[in-house]
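Asker: Sharing protein.cif below, mmCIF, C-alpha atoms:
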```
data_final
loop_
_atom_site.label_atom_id
_atom_site.label_comp_id
_atom_site.auth_asym_id
_atom_site.auth_seq_id
_atom_site.Cartn_x
_atom_site.Cartn_y
_atom_site.Cartn_z
CA MET G 201 -37.82 7.32 19.92
CA GLN G 202 -37.68 6.37 16.24
CA ASP G 203 -36.39 9.86 15.44
CA LEU G 204 -33.64 9.46 18.02
CA ILE G 205 -32.64 6.06 16.59
CA ALA G 206 -32.59 7.46 13.05
CA ALA G 207 -30.49 10.42 14.20
CA ALA G 208 -28.02 8.09 15.94
CA GLN G 209 -27.74 5.92 12.83
CA ALA G 210 -27.18 8.96 10.63
CA SER G 211 -24.48 10.22 12.99
CA PHE G 212 -22.72 6.85 13.00
CA LEU G 213 -22.98 6.03 9.31
CA GLY G 214 -23.02 9.49 7.79
CA ALA G 215 -24.63 10.01 4.40
CA LEU G 216 -25.23 6.61 2.81
CA PRO G 217 -23.65 6.22 -0.64
CA THR G 218 -25.81 5.99 -3.73
CA PRO G 219 -25.90 2.78 -5.80
CA GLY G 220 -23.72 4.52 -8.39
CA VAL G 221 -21.06 5.34 -5.81
CA ILE G 222 -21.17 1.78 -4.50
CA ALA G 223 -20.71 0.35 -8.01
CA ALA G 224 -17.84 2.75 -8.75
CA THR G 225 -16.21 1.86 -5.42
CA LEU G 226 -16.37 -1.86 -6.19
CA ALA G 227 -14.84 -1.28 -9.63
CA ALA G 228 -12.01 0.85 -8.19
CA VAL G 229 -11.28 -1.71 -5.49
CA ILE G 230 -11.14 -4.61 -7.94
CA ALA G 231 -8.78 -2.69 -10.24
CA ALA G 232 -6.43 -1.83 -7.37
CA ALA G 233 -6.61 -5.38 -5.99
CA LEU G 234 -5.55 -6.83 -9.35
CA LEU G 235 -2.28 -4.91 -9.03
CA ARG G 236 -1.86 -5.96 -5.41
CA GLY G 237 -2.49 -9.61 -6.22
CA PHE G 238 0.10 -9.66 -8.98
CA THR G 239 2.89 -7.54 -7.51
CA GLY G 240 2.27 -7.60 -3.75
CA PHE G 241 2.02 -3.82 -3.53
CA GLY G 242 0.23 -0.81 -4.94
CA PHE G 243 -3.30 -1.29 -3.60
CA ALA G 244 -3.65 2.01 -1.72
CA LEU G 245 -1.58 3.87 -4.31
CA ALA G 246 -4.02 2.78 -7.02
CA ALA G 247 -7.21 2.76 -4.97
CA VAL G 248 -6.95 6.26 -3.47
CA PRO G 249 -6.73 8.14 -6.81
CA LEU G 250 -9.50 5.98 -8.30
CA LEU G 251 -11.79 6.43 -5.30
CA GLY G 252 -10.91 10.12 -5.27
CA LEU G 253 -12.59 10.52 -8.63
CA PHE G 254 -16.01 10.35 -6.97
CA MET G 255 -15.44 10.89 -3.22
CA ALA G 256 -13.44 13.20 -0.97
CA PRO G 257 -9.88 12.18 -0.03
CA ALA G 258 -10.97 12.15 3.63
CA LYS G 259 -13.16 9.15 2.72
CA ALA G 260 -11.00 7.54 0.01
CA VAL G 261 -7.89 7.28 2.19
CA PRO G 262 -9.47 5.57 5.23
CA ILE G 263 -11.42 3.16 3.01
CA ALA G 264 -8.18 2.14 1.29
CA VAL G 265 -6.41 1.84 4.65
CA VAL G 266 -9.13 -0.38 6.13
CA LEU G 267 -9.18 -2.61 3.03
CA GLN G 268 -5.37 -2.84 3.02
CA LEU G 269 -5.46 -3.90 6.66
CA LEU G 270 -8.20 -6.49 6.11
CA GLY G 271 -6.48 -7.83 3.01
CA GLY G 272 -3.15 -8.05 4.81
CA LEU G 273 -4.68 -9.96 7.70
CA THR G 274 -6.39 -12.35 5.26
CA ASP G 275 -3.20 -12.99 3.29
CA PHE G 276 -0.80 -13.09 6.24
CA ARG G 277 -0.97 -16.83 6.79
CA ARG G 278 0.04 -17.65 3.21
CA ALA G 279 2.38 -14.72 2.74
CA GLY G 280 4.09 -15.52 6.05
CA ARG G 281 5.18 -18.88 4.64
CA ASP G 282 6.80 -17.44 1.51
CA CYS G 283 8.21 -14.11 2.72
CA HIS G 284 11.85 -13.52 3.62
CA TRP G 285 11.62 -12.95 7.37
CA PRO G 286 15.32 -12.12 8.03
CA SER G 287 15.10 -9.01 5.84
CA LEU G 288 11.49 -8.19 6.63
CA ARG G 289 12.07 -7.90 10.36
CA TRP G 290 14.74 -5.25 9.90
CA LEU G 291 12.73 -3.37 7.30
CA ILE G 292 9.83 -3.10 9.73
CA VAL G 293 12.12 -1.99 12.57
CA GLY G 294 13.53 0.77 10.37
CA ALA G 295 10.05 1.82 9.21
CA VAL G 296 8.77 2.09 12.78
CA ILE G 297 11.68 4.39 13.64
CA GLY G 298 11.46 6.41 10.44
CA SER G 299 7.71 7.15 10.36
CA PRO G 300 7.62 9.63 13.27
CA ILE G 301 10.78 11.29 11.95
CA GLY G 302 9.10 11.73 8.57
CA ALA G 303 6.03 13.17 10.24
CA LEU G 304 8.25 15.62 12.12
CA VAL G 305 9.95 16.69 8.90
CA LEU G 306 6.50 17.10 7.29
CA SER G 307 5.59 19.55 10.04
CA ILE G 308 8.43 21.73 8.74
CA ALA G 309 8.58 21.00 5.00
CA PRO G 310 5.53 21.62 2.77
CA ALA G 311 3.74 18.39 1.80
CA PRO G 312 3.80 19.15 -1.99
CA ILE G 313 7.58 19.59 -1.90
CA ALA G 314 7.90 16.30 -0.02
CA ARG G 315 5.79 14.50 -2.63
CA ILE G 316 7.80 15.88 -5.52
CA ALA G 317 11.06 14.95 -3.80
CA ILE G 318 9.82 11.39 -3.20
CA ALA G 319 8.62 11.17 -6.82
CA THR G 320 12.05 12.27 -8.06
CA ILE G 321 13.87 9.71 -5.93
CA THR G 322 11.45 7.00 -7.02
CA ALA G 323 11.86 7.91 -10.70
CA VAL G 324 15.64 7.64 -10.38
CA ALA G 325 15.21 4.21 -8.79
CA VAL G 326 12.93 3.12 -11.65
CA VAL G 327 15.54 4.13 -14.22
CA ILE G 328 18.27 2.25 -12.34
CA LEU G 329 16.15 -0.91 -11.99
CA SER G 330 15.02 -0.79 -15.61
CA ARG G 331 18.65 -0.85 -16.68
CA GLY G 332 19.14 -4.16 -14.92
CA PHE G 333 20.62 -3.10 -11.60
CA ALA G 334 20.67 -6.01 -9.17
CA LEU G 335 22.44 -6.81 -5.93
CA ALA G 336 24.57 -9.95 -5.85
CA GLU G 337 23.66 -10.70 -2.24
CA ILE G 338 21.11 -9.69 0.37
CA PRO G 339 22.11 -6.43 2.10
CA SER G 340 23.33 -6.55 5.69
CA ARG G 341 21.03 -5.97 8.64
CA PRO G 342 22.14 -2.33 9.11
CA ALA G 343 21.65 -1.65 5.38
CA THR G 344 18.23 -3.31 5.45
CA ALA G 345 17.22 -1.29 8.51
CA ALA G 346 18.37 1.86 6.66
CA VAL G 347 16.03 0.98 3.77
CA GLY G 348 13.23 0.49 6.30
CA LEU G 349 14.11 3.87 7.81
CA ALA G 350 13.75 5.44 4.36
CA ALA G 351 10.38 3.70 3.95
CA GLY G 352 9.31 5.11 7.30
CA LEU G 353 10.42 8.59 6.28
CA PHE G 354 8.42 8.27 3.06
CA ASN G 355 5.44 7.08 5.10
CA GLY G 356 5.62 9.99 7.53
CA LEU G 357 6.19 12.53 4.78
CA ALA G 358 3.57 11.43 2.27
CA ALA G 359 1.96 8.14 3.42
CA MET G 360 4.04 6.35 0.76
CA PRO G 361 6.21 3.69 2.43
CA GLY G 362 6.32 1.52 -0.67
CA PRO G 363 9.09 2.77 -3.00
CA PRO G 364 12.14 1.94 -0.81
CA ALA G 365 10.77 -1.53 0.06
CA VAL G 366 9.86 -2.28 -3.56
CA VAL G 367 13.31 -1.22 -4.80
CA TYR G 368 14.91 -3.34 -2.07
CA TYR G 369 13.10 -6.53 -3.10
CA MET G 370 13.29 -5.86 -6.84
CA SER G 371 17.07 -5.32 -6.76
CA GLY G 372 17.90 -8.04 -4.25
CA PRO G 373 18.50 -11.74 -5.02
CA PHE G 374 14.97 -12.71 -4.00
CA ARG G 375 12.64 -15.05 -5.84
CA ALA G 376 9.57 -13.29 -7.17
CA ALA G 377 7.34 -15.28 -4.79
CA ALA G 378 9.44 -14.28 -1.77
CA ALA G 379 9.57 -10.61 -2.85
CA ARG G 380 5.81 -10.46 -3.40
CA ALA G 381 5.02 -12.17 -0.08
CA SER G 382 7.47 -9.97 1.82
CA LEU G 383 5.86 -6.83 0.41
CA LEU G 384 2.39 -8.07 1.40
CA VAL G 385 3.54 -8.57 5.00
CA PHE G 386 5.43 -5.26 5.03
CA PHE G 387 2.34 -3.37 3.93
CA LEU G 388 0.27 -5.16 6.57
CA ALA G 389 2.65 -3.75 9.18
CA THR G 390 2.46 -0.22 7.77
CA SER G 391 -1.34 -0.41 7.36
CA ILE G 392 -1.72 -1.09 11.09
CA THR G 393 0.05 2.19 11.81
CA ALA G 394 -1.96 3.98 9.12
CA PHE G 395 -5.26 2.67 10.50
CA ALA G 396 -4.37 3.80 14.01
CA SER G 397 -3.47 7.25 12.70
CA THR G 398 -6.64 7.72 10.63
CA ALA G 399 -8.82 6.42 13.45
CA ALA G 400 -7.12 8.73 15.97
CA VAL G 401 -8.01 11.82 13.94
CA GLY G 402 -11.64 10.71 13.52
CA LEU G 403 -11.58 9.74 9.83
CA VAL G 404 -12.78 6.17 10.46
CA ASN G 405 -16.52 6.12 11.19
CA GLY G 406 -19.36 3.67 10.73
CA GLY G 407 -19.95 4.73 7.13
CA ILE G 408 -16.32 4.12 6.20
CA LEU G 409 -16.33 0.70 7.86
CA TRP G 410 -19.64 -0.20 6.20
CA LEU G 411 -18.42 0.72 2.71
CA ALA G 412 -15.08 -1.03 3.31
CA ALA G 413 -16.87 -4.20 4.45
CA LEU G 414 -19.12 -4.04 1.38
CA SER G 415 -16.04 -3.67 -0.85
CA PHE G 416 -13.93 -6.35 0.82
CA PRO G 417 -15.27 -9.27 -1.29
CA ALA G 418 -14.36 -7.24 -4.40
CA MET G 419 -10.84 -6.81 -3.02
CA LEU G 420 -10.55 -10.55 -2.42
CA LEU G 421 -11.77 -11.27 -5.95
CA GLY G 422 -9.33 -8.84 -7.55
CA THR G 423 -6.46 -10.14 -5.42
CA ARG G 424 -7.16 -13.76 -6.36
CA ILE G 425 -7.30 -12.89 -10.08
CA GLY G 426 -4.01 -11.01 -9.71
CA GLU G 427 -2.49 -13.99 -7.88
CA TYR G 428 -3.59 -16.28 -10.69
CA GLY G 429 -1.82 -14.03 -13.18
CA PHE G 430 1.28 -14.05 -10.97
CA ARG G 431 1.37 -17.85 -10.83
CA ARG G 432 0.91 -18.09 -14.60
CA GLY G 433 3.54 -15.44 -15.31
CA THR G 434 7.32 -15.48 -15.17
CA GLU G 435 9.91 -13.90 -12.89
CA ALA G 436 10.79 -11.46 -15.68
CA LEU G 437 7.15 -10.44 -16.14
CA HIS G 438 6.75 -9.84 -12.41
CA ARG G 439 9.84 -7.63 -12.39
CA THR G 440 8.66 -5.69 -15.44
CA VAL G 441 5.17 -5.06 -14.06
CA SER G 442 6.56 -4.13 -10.65
CA ILE G 443 9.00 -1.60 -12.10
CA ALA G 444 6.29 -0.14 -14.35
CA SER G 445 3.96 0.16 -11.33
CA LEU G 446 6.71 1.89 -9.37
CA GLY G 447 7.04 4.35 -12.25
CA GLY G 448 3.31 4.98 -12.08
CA VAL G 449 3.67 5.73 -8.36
CA ALA G 450 6.33 8.33 -9.16
CA LEU G 451 4.13 9.99 -11.79
CA LEU G 452 1.07 10.08 -9.52
CA SER G 453 3.08 11.49 -6.63
CA ALA G 454 4.66 14.17 -8.81
CA ALA G 455 1.30 15.11 -10.32
CA LYS G 456 -0.31 15.40 -6.88
CA GLY G 457 2.58 17.46 -5.52
CA ILE G 458 2.52 19.84 -8.49
CA SER G 459 -1.28 20.21 -8.32
CA GLU G 460 -1.05 21.06 -4.62
CA LEU G 461 1.51 23.76 -5.37
CA MET G 462 -0.66 25.38 -8.04
#
```
Have the structure of the file written as structure tokens, please.
Answerer:
Amino acid sequence: MQDLIAAAQASFLGALPTPGVIAATLAAVIAAALLRGFTGFGFALAAVPLLGLFMAPAKAVPIAVVLQLLGGLTDFRRAGRDCHWPSLRWLIVGAVIGSPIGALVLSIAPAPIARIAIATITAVAVVILSRGFALAEIPSRPATAAVGLAAGLFNGLAAMPGPPAVVYYMSGPFRAAAARASLLVFFLATSITAFASTAAVGLVNGGILWLAALSFPAMLLGTRIGEYGFRRGTEALHRTVSIASLGGVALLSAAKGISELM
């Protein structure tokens, strides 16, 4: 009987991580959460490469997805008060429509090419934003839905819904607090879809959930420290860090796409 119980536990949890892997996971999660707490985005984009240094992508991605979902649910009450709901609703509608279209395109176009294309578009947006581009007024509902559609396409193509939404809020006449809160809620919506997708293909098991639960306090700590920095900073600093982070996303995406081609 004990052998059967042990076998069932091993099947559910998989190979338990070593103390070194646990410590490295906590450090990676805190680092990614610092960025999330300050800018409102970038957790998965920072966490997955960091976690990938010492675990397989098939584990790093679902851990990041679960933590993003848990963090989004935790922050929703506060972020929901500060976010800009009129724009956010239409962004989410566009993203829901665009994600399956992006996945369909991915079934035809090679993933590395898609990543490089997204990195190029993102890099162009970074250059434009860094030169001071800003919209005088909030885009119309159709234009906002089109941005959400682009985010959905990016999500379906490369699991990267962030760049269009970040550019939208960085270029629009939004207060930094509203932009950050809106991005937190937007990524909660996309993380629900991502969690359903990873769970459907069997990537979320007991071991993933256990390590994510163990890492969640570290995510909360990093997020709160990042939030403290955000409150102590200025609107200009938030814009600068956000644009720099978006540039980092472009570089990481291009590097991954090129490495996959080689």
Asker: Can you list, as a list in words, the residues that the PyMOL selection byres ((chain G and resi 299-313) around 8) selects here?
Answerer: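 Applying the expression gives Ala295, Val296, Ile297, Gly298, Ala314, Arg315, Ile316, Ala317, Leu349, Ala351, Gly352, Leu353, Phe354, Asn355, Gly356, Leu357, Ala358, Lys456, Gly457, Ile458, Glu460 and Leu461 of chain G.
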Asker: Would you kindly identify which residues have an atom no farther than 9 Å from (-8.3, -5.3, 4.7), using only C-alpha atoms and the file's own coordinates, and write them out as a ChimeraX atom specification?
Answerer: /G:264-274,388,391,412-413,416,419
Asker: What do you get, as a list in words, if you spell out every residue that the PyMOL selection byres ((chain G and resi 322) around 9) selects here?
Answerer: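 Applied to this file, the PyMOL selection byres ((chain G and resi 322) around 9) selects Ala317, Ile318, Ala319, Thr320, Ile321, Ala323, Val324, Ala325, Val326, Val327, Pro363, Pro364, Val367, Leu446, Gly447, Val449 and Ala450 of chain G.
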Asker: Quick one: which residues end up in the PyMOL selection byres ((chain G and resi 262) around 8) for this structure, as a PyMOL selection string?
Answerer: chain G and resi 258-261+263-266+395+398+403-404+408
Asker: With all atoms listed in the file as the counted atoms, please give the residues lying no more than 10 Å from G:Glu337, apart from itself and same-chain residues fewer than 4 positions off, as a JSON list (two decimals) with C-alpha atoms, keeping the file's coordinate frame.
Answerer:
```json
[["chain", "number", "residue", "atom", "x", "y", "z"],
["G", 371, "SER", "CA", 17.07, -5.32, -6.76],
["G", 372, "GLY", "CA", 17.90, -8.04, -4.25],
["G", 373, "PRO", "CA", 18.50, -11.74, -5.02],
["G", 374, "PHE", "CA", 14.97, -12.71, -4.00]]
```
Asker: Set the distance at 8 Å and use all atoms listed in the file: which residues neighbour G:Val229 once local chain neighbours fewer than 2 positions away are removed? I'd like the list as a VMD selection string.
Answerer: chain G and resid 225 to 227 231 to 233 247 415 418 to 419 422
Asker: What does the distance from atom CA of G:Tyr428 to atom CA of G:Ser287 come to in Å, to one decimal?
Answerer: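 A separation of 26.0 Å between them.
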Asker: Have a look at G:Ala436, G:Leu452, G:Leu329, G:Val366 and name the one nearest to G:Leu288; count all atoms listed in the file.
Answerer: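 Residue with the minimum atom-to-atom distance to G:Leu288: G:Val366.
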Asker: Separation of atom CA of G:Ala336 and atom CA of G:His284, in Å?
Answerer: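 Taking atom CA of G:Ala336 as the start and atom CA of G:His284 as the end point, the length is 16.3 Å.
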Asker: Between atom CA of G:Ala379 and atom CA of G:Cys283, what is the spacing in Å?
Answerer: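 Interatomic distance here is 6.7 Å.
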Asker: Could you list, as a list in words, every residue within 8 Å of G:Thr423, counting all atoms listed in the file and ignoring same-chain residues fewer than 4 positions away?
Answerer: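 These residues fall inside the cut-off: Ile230, Ala233, Leu234, Leu235, Arg236, Gly237, Phe238, Met419 and Glu427 of chain G.
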Asker: Using all atoms listed in the file, which of the listed residues (G:Ala256, G:Ser382, G:Ala396, G:Met370) sits closest to G:Arg277?
Answerer: G:Ser382
Asker: Which of these residues is nearest to G:Thr239, using all atoms listed in the file: G:Asp282, G:Gly294, G:Gly429, G:Ala223?
Answerer: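 Ranking G:Asp282, G:Gly294, G:Gly429, G:Ala223 by distance to G:Thr239, first place goes to G:Gly429.
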Asker: Taking (6.8, -8.0, 8.2) in the file's coordinates, which residues come within 8 Å, counting only C-alpha atoms, written as a list in words?
Answerer: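 Collected hits near the coordinates: Trp285, Leu288, Arg289, Leu291, Ile292, Ser382, Leu383, Val385, Phe386, Phe387, Leu388 and Ala389 of chain G.
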